[in-house]
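Structure data (PDB, C-alpha atoms) from data00.pdb:
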```pdb
MODEL        1
ATOM      1  CA  MET Y  18      56.818 131.218 -42.322
ATOM      2  CA  THR Y  19      55.164 133.264 -39.534
ATOM      3  CA  ARG Y  20      51.933 135.075 -39.077
ATOM      4  CA  LYS Y  21      51.858 138.848 -39.387
ATOM      5  CA  GLY Y  22      52.761 140.483 -36.092
ATOM      6  CA  SER Y  23      54.105 137.288 -34.499
ATOM      7  CA  ARG Y  24      57.714 136.649 -33.583
ATOM      8  CA  GLN Y  25      59.554 134.216 -35.848
ATOM      9  CA  ARG Y  26      60.378 130.891 -34.226
ATOM     10  CA  TRP Y  27      63.359 129.209 -35.782
ATOM     11  CA  TRP Y  28      63.430 125.495 -36.435
ATOM     12  CA  THR Y  29      65.822 123.535 -34.229
ATOM     13  CA  THR Y  30      67.932 120.623 -35.423
ATOM     14  CA  SER Y  31      65.867 118.163 -33.390
ATOM     15  CA  GLU Y  32      62.610 119.527 -34.863
ATOM     16  CA  VAL Y  33      63.901 119.163 -38.421
ATOM     17  CA  ALA Y  34      65.101 115.627 -37.651
ATOM     18  CA  PHE Y  35      61.678 114.754 -36.215
ATOM     19  CA  LEU Y  36      59.924 116.113 -39.314
ATOM     20  CA  VAL Y  37      62.195 114.209 -41.704
ATOM     21  CA  GLU Y  38      61.832 111.004 -39.686
ATOM     22  CA  ASN Y  39      58.054 111.068 -39.227
ATOM     23  CA  ALA Y  40      56.793 112.799 -42.372
ATOM     24  CA  GLY Y  41      54.505 110.300 -44.093
ATOM     25  CA  ARG Y  42      54.505 108.017 -41.055
ATOM     26  CA  MET Y  43      52.283 110.190 -38.899
ATOM     27  CA  PRO Y  44      49.221 112.271 -39.811
ATOM     28  CA  LEU Y  45      49.911 115.955 -40.286
ATOM     29  CA  HIS Y  46      47.894 117.033 -37.244
ATOM     30  CA  ASP Y  47      49.961 114.698 -35.025
ATOM     31  CA  ILE Y  48      53.208 116.164 -36.352
ATOM     32  CA  CYS Y  49      51.921 119.680 -35.772
ATOM     33  CA  ARG Y  50      50.856 118.803 -32.227
ATOM     34  CA  ARG Y  51      54.219 117.232 -31.380
ATOM     35  CA  LEU Y  52      56.160 120.160 -32.828
ATOM     36  CA  LYS Y  53      53.655 122.746 -31.546
ATOM     37  CA  ARG Y  54      53.592 124.391 -34.961
ATOM     38  CA  SER Y  55      50.851 125.258 -37.436
ATOM     39  CA  SER Y  56      50.176 123.175 -40.512
ATOM     40  CA  GLU Y  57      51.287 126.100 -42.686
ATOM     41  CA  ALA Y  58      54.652 126.202 -40.929
ATOM     42  CA  VAL Y  59      55.149 122.448 -41.314
ATOM     43  CA  TYR Y  60      54.148 122.557 -45.001
ATOM     44  CA  PHE Y  61      56.540 125.431 -45.641
ATOM     45  CA  LYS Y  62      59.426 123.658 -43.880
ATOM     46  CA  ALA Y  63      58.797 120.429 -45.795
ATOM     47  CA  LYS Y  64      58.803 122.368 -49.077
ATOM     48  CA  GLN Y  65      62.041 124.075 -48.048
ATOM     49  CA  LEU Y  66      63.664 120.737 -47.245
ATOM     50  CA  ARG Y  67      62.603 119.281 -50.594
ATOM     51  CA  SER Y  68      64.198 122.224 -52.389
ATOM     52  CA  GLN Y  69      67.418 121.312 -50.565
ATOM     53  CA  GLY Y  70      67.237 117.717 -51.836
ATOM     54  CA  VAL Y  71      65.776 116.111 -48.701
ATOM     55  CA  PRO Y  72      62.993 113.636 -49.663
ATOM     56  CA  VAL Y  73      60.197 114.800 -47.346
ATOM     57  CA  SER Y  74      56.559 114.068 -48.130
ATOM     58  CA  LEU Y  75      53.701 114.816 -45.737
ATOM     59  CA  ARG Y  76      51.300 112.538 -47.595
ATOM     60  CA  TYR Y  77      50.083 109.990 -45.061
ATOM     61  CA  TYR Y  78      48.493 106.634 -45.815
ATOM     62  CA  ARG Y  79      45.920 105.742 -43.178
ATOM     63  CA  PRO Y  80      46.066 101.967 -42.603
ATOM     64  CA  ARG Y  81      42.884  99.994 -43.221
ATOM     65  CA  LEU Y  82      44.050  96.782 -41.582
ATOM     66  CA  GLU Y  83      44.132  95.939 -37.891
ATOM     67  CA  ALA Y  84      46.356  93.631 -35.900
ATOM     68  CA  CYS Y  85      44.953  90.281 -34.809
ATOM     69  CA  PRO Y  86      45.546  89.850 -31.044
ATOM     70  CA  ALA Y  87      46.120  86.105 -31.486
ATOM     71  CA  CYS Y  88      48.758  86.026 -34.248
ATOM     72  CA  GLY Y  89      49.847  89.676 -34.360
ATOM     73  CA  CYS Y  90      49.460  89.886 -38.145
ATOM     74  CA  MET Y  91      47.657  92.704 -39.927
ATOM     75  CA  ARG Y  92      44.244  91.482 -41.051
ATOM     76  CA  SER Y  93      41.352  92.892 -43.048
ATOM     77  CA  THR Y  94      38.635  91.777 -40.615
ATOM     78  CA  LEU Y  95      38.359  90.287 -37.152
ATOM     79  CA  GLY Y  96      35.504  87.969 -36.261
ATOM     80  CA  LYS Y  97      33.027  88.207 -33.418
ATOM     81  CA  HIS Y  98      35.535  86.489 -31.116
ATOM     82  CA  GLY Y  99      38.139  89.156 -31.870
ATOM     83  CA  ILE Y 100      40.503  87.009 -33.940
ATOM     84  CA  CYS Y 101      41.118  86.752 -37.672
ATOM     85  CA  ALA Y 102      39.781  84.093 -40.025
ATOM     86  CA  VAL Y 103      43.265  82.572 -40.365
ATOM     87  CA  CYS Y 104      43.503  81.950 -36.610
ATOM     88  CA  ARG Y 105      40.009  80.477 -36.572
ATOM     89  CA  ARG Y 106      40.976  78.065 -39.336
ATOM     90  CA  ARG Y 107      44.160  77.125 -37.465
ATOM     91  CA  ARG Y 108      42.164  76.309 -34.346
ATOM     92  CA  GLN Y 109      39.715  74.268 -36.387
ATOM     93  CA  LEU Y 110      42.600  72.321 -37.935
ATOM     94  CA  GLU Y 111      44.184  71.734 -34.512
ATOM     95  CA  ALA Y 112      40.874  70.372 -33.190
ATOM     96  CA  ILE Y 113      40.574  67.951 -36.137
ATOM     97  CA  HIS Y 114      44.167  66.751 -35.660
ATOM     98  CA  ALA Y 115      43.502  66.218 -31.956
ATOM     99  CA  ARG Y 116      40.447  64.124 -32.847
ATOM    100  CA  ILE Y 117      42.508  62.108 -35.357
ATOM    101  CA  SER Y 118      45.115  61.441 -32.678
ATOM    102  CA  ASP Y 119      42.431  60.157 -30.303
ATOM    103  CA  LEU Y 120      40.961  57.913 -32.996
ATOM    104  CA  LEU Y 121      44.354  56.435 -33.922
ATOM    105  CA  HIS Y 122      44.856  55.232 -30.355
ATOM    106  CA  ARG Y 123      41.682  53.197 -30.732
ATOM    107  CA  LEU Y 124      42.999  51.345 -33.771
ATOM    108  CA  PRO Y 125      45.093  48.161 -33.608
ATOM    109  CA  PHE Y 126      48.800  48.569 -34.187
ATOM    110  CA  GLU Y 127      48.586  47.135 -37.727
ATOM    111  CA  GLU Y 128      45.867  49.586 -38.698
ATOM    112  CA  ARG Y 129      47.919  52.459 -37.350
ATOM    113  CA  GLU Y 130      50.884  51.285 -39.407
ATOM    114  CA  THR Y 131      48.722  51.283 -42.528
ATOM    115  CA  TYR Y 132      47.575  54.821 -41.828
ATOM    116  CA  ALA Y 133      51.119  56.014 -41.250
ATOM    117  CA  ASP Y 134      52.216  54.529 -44.605
ATOM    118  CA  THR Y 135      49.294  55.778 -46.701
ATOM    119  CA  GLU Y 136      46.933  58.368 -45.230
ATOM    120  CA  ALA Y 137      49.543  60.542 -43.538
ATOM    121  CA  GLU Y 138      51.509  60.911 -46.781
ATOM    122  CA  VAL Y 139      48.596  62.430 -48.678
ATOM    123  CA  GLU Y 140      49.065  66.216 -48.624
ATOM    124  CA  SER Y 141      47.701  68.900 -50.888
ATOM    125  CA  VAL Y 142      50.090  71.141 -52.808
ATOM    126  CA  PRO Y 143      49.754  74.764 -51.616
ATOM    127  CA  ASP Y 144      49.454  77.736 -53.935
ATOM    128  CA  PRO Y 145      52.599  79.815 -54.547
ATOM    129  CA  LYS Y 146      53.283  82.114 -51.619
ATOM    130  CA  PRO Y 147      52.905  85.838 -52.389
ATOM    131  CA  THR Y 148      56.206  87.681 -52.610
ATOM    132  CA  MET Y 149      56.868  91.142 -51.254
ATOM    133  CA  PRO Y 150      57.228  93.657 -54.127
ATOM    134  CA  LYS Y 151      60.395  95.715 -54.292
ATOM    135  CA  ALA Y 152      60.064  98.986 -52.409
ATOM    136  CA  LYS Y 153      63.090 100.670 -53.948
ATOM    137  CA  GLY Y 154      62.309 104.139 -55.233
ATOM    138  CA  LEU Y 155      58.880 104.318 -53.582
ATOM    139  CA  SER Y 156      57.718 107.067 -51.279
ATOM    140  CA  ARG Y 157      56.559 106.209 -47.780
ATOM    141  CA  TYR Y 158      52.960 106.605 -48.877
ATOM    142  CA  GLN Y 159      53.455 104.210 -51.793
ATOM    143  CA  MET Y 160      55.448 101.819 -49.598
ATOM    144  CA  CYS Y 161      52.632 101.675 -47.017
ATOM    145  CA  ARG Y 162      50.106 100.891 -49.757
ATOM    146  CA  VAL Y 163      52.334  98.155 -51.190
ATOM    147  CA  ARG Y 164      52.925  96.585 -47.770
ATOM    148  CA  GLU Y 165      49.233  96.657 -46.911
ATOM    149  CA  GLN Y 166      48.330  94.986 -50.193
ATOM    150  CA  HIS Y 167      50.983  92.355 -49.497
ATOM    151  CA  ASP Y 168      49.414  91.741 -46.059
ATOM    152  CA  ARG Y 169      46.029  91.277 -47.753
ATOM    153  CA  ASP Y 170      47.520  88.843 -50.275
ATOM    154  CA  MET Y 171      49.237  86.889 -47.485
ATOM    155  CA  GLU Y 172      45.997  86.695 -45.504
ATOM    156  CA  ALA Y 173      44.093  85.363 -48.522
ATOM    157  CA  TRP Y 174      46.880  82.848 -49.285
ATOM    158  CA  GLN Y 175      47.004  81.567 -45.705
ATOM    159  CA  LEU Y 176      43.223  81.255 -45.594
ATOM    160  CA  ARG Y 177      43.115  79.284 -48.869
ATOM    161  CA  THR Y 178      45.915  76.979 -47.710
ATOM    162  CA  LEU Y 179      44.372  76.337 -44.296
ATOM    163  CA  THR Y 180      40.919  75.777 -45.775
ATOM    164  CA  ARG Y 181      42.376  73.124 -48.080
ATOM    165  CA  GLU Y 182      44.185  71.501 -45.134
ATOM    166  CA  VAL Y 183      41.019  71.534 -43.031
ATOM    167  CA  LYS Y 184      39.040  69.783 -45.771
ATOM    168  CA  ALA Y 185      41.762  67.170 -46.234
ATOM    169  CA  ALA Y 186      42.042  66.577 -42.480
ATOM    170  CA  GLN Y 187      38.269  66.289 -42.191
ATOM    171  CA  LYS Y 188      38.220  63.564 -44.844
ATOM    172  CA  ARG Y 189      41.061  61.716 -43.098
ATOM    173  CA  LYS Y 190      39.175  61.919 -39.824
ATOM    174  CA  GLU Y 191      36.041  60.479 -41.440
ATOM    175  CA  ARG Y 192      38.016  57.585 -42.946
ATOM    176  CA  ILE Y 193      39.624  56.771 -39.600
ATOM    177  CA  GLU Y 194      36.254  56.969 -37.873
ATOM    178  CA  GLN Y 195      34.961  54.362 -40.320
ATOM    179  CA  LYS Y 196      37.988  52.158 -39.590
ATOM    180  CA  VAL Y 197      37.440  52.483 -35.857
ATOM    181  CA  LYS Y 198      33.772  51.641 -36.273
ATOM    182  CA  ARG Y 199      34.598  48.496 -38.270
ATOM    183  CA  VAL Y 200      37.249  47.384 -35.798
ATOM    184  CA  THR Y 201      35.117  47.929 -32.711
ATOM    185  CA  SER Y 202      32.108  46.184 -34.275
ATOM    186  CA  LYS Y 203      34.133  43.055 -35.227
ATOM    187  CA  PRO Y 204      33.705  40.167 -32.733
ATOM    188  CA  PRO Y 205      36.859  39.169 -30.805
ATOM    189  CA  ASN Y 206      38.965  36.209 -32.038
ATOM    190  CA  TRP Y 207      37.224  36.322 -35.414
ATOM    191  CA  GLY Y 208      39.594  34.148 -37.421
ATOM    192  CA  ARG Y 209      39.612  32.342 -40.770
ATOM    193  CA  LYS Y 210      37.658  29.325 -39.534
ATOM    194  CA  GLU Y 211      34.948  31.464 -37.991
ATOM    195  CA  ARG Y 212      34.571  33.514 -41.174
ATOM    196  CA  HIS Y 213      34.392  30.293 -43.264
ATOM    197  CA  ALA Y 214      31.772  28.823 -40.971
ATOM    198  CA  ALA Y 215      29.709  31.992 -41.085
ATOM    199  CA  ARG Y 216      29.564  31.847 -44.891
ATOM    200  CA  LYS Y 217      28.138  28.298 -44.888
ATOM    201  CA  PRO Y 218      24.347  28.056 -45.340
TER     202      PRO Y 218
ENDMDL
END
```

Turn the structure described in the file into structure tokens.
Amino acid sequence: MTRKGSRQRWWTTSEVAFLVENAGRMPLHDICRRLKRSSEAVYFKAKQLRSQGVPVSLRYYRPRLEACPACGCMRSTLGKHGICAVCRRRRQLEAIHARISDLLHRLPFEERETYADTEAEVESVPDPKPTMPKAKGLSRYQMCRVREQHDRDMEAWQLRTLTREVKAAQKRKERIEQKVKRVTSKPPNWGRKERHAARKP
């Protein structure tokens, strides 16, 4: 399709291949700029290809998510520090675990053994992980929407799981802090005889 009075410019094989490959993946104005053709010409060629049985759709889904620089995953929002809520929760959990590790070194060996046998085994059961819907038979526009929704579901699932782990780790840390406080406040060599003597009036 050409304008009146202009010379017709035939489509090359590489131009057709570029259109088929990037239709629906790039906005229309970007395709037109790369091919140096008008939107009318690109629309007409896409329609012609569809009539020949080539599945070409120029409908473009503009992504609403952005990549987190820390984890590289697509996220709905980034915080004031430029990372997603999932990464912030992970860092919070790592800090709590580091504190727990420091506290355990302050406990006697027997107390550490008790913690290893009881406290460390207590874990919360995570929610079922979201599964990626089947993309068979979907257009690129529909596929992009499905994938973005899956990224949102994964973000929400990870955040719920990490929040539960943070709460559980925080409670473990508080229990160990209480143990450390009791151990450090107990007088040295406090045996059975000393305890019996202390109970006498």

**OP:** Would you kindly translate the PyMOL selection byres ((chain Y and resi 178-185) around 8) into the concrete residues it picks from this file, as a ChimeraX atom specification?
**Re:** /Y:103,106-107,109-110,113,140-141,143-144,174-177,186-189

Original post:
So which residues touch Glu83 (chain Y) within 9 Å, counting all atoms listed in the file, skipping near sequence neighbours fewer than 5 positions away, as a ChimeraX atom specification?
Top reply: /Y:90-95

Contact check, region 142-194 of chain Y to region 116-126 of chain Y, at most 8 Å, counting all atoms listed in the file, closest pairs as a tab-separated table:
```
residue	atom	partner	partner_atom	distance
Y:Arg189	CA	Y:Ile117	CA	7.9
Y:Lys190	CA	Y:Ile117	CA	5.6
Y:Ile193	CA	Y:Leu120	CA	6.8
Y:Glu194	CA	Y:Leu120	CA	6.8
```

**OP:** Starting from the displayed file, determine the output of the PyMOL selection byres ((chain Y and resi 48) around 12) and express the residue list as a ChimeraX atom specification.
**Re:** /Y:32-47,49-60,63,75-77

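Atom to atom, CA of Asp170 (chain Y) and CA of Cys101 (chain Y) stand 14.3 Å apart.
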
Original post:
If I put a ball of radius 12 Å at (56.3, 106.6, -52.4) in the file's coordinates, which residues poke into it when counting all atoms listed in the file, written as number ranges by chain?
Top reply: Y: 40-42, 72-78, 151-164

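Going from CA of Ala115 (chain Y) over to CA of Pro86 (chain Y), you cover 23.7 Å.
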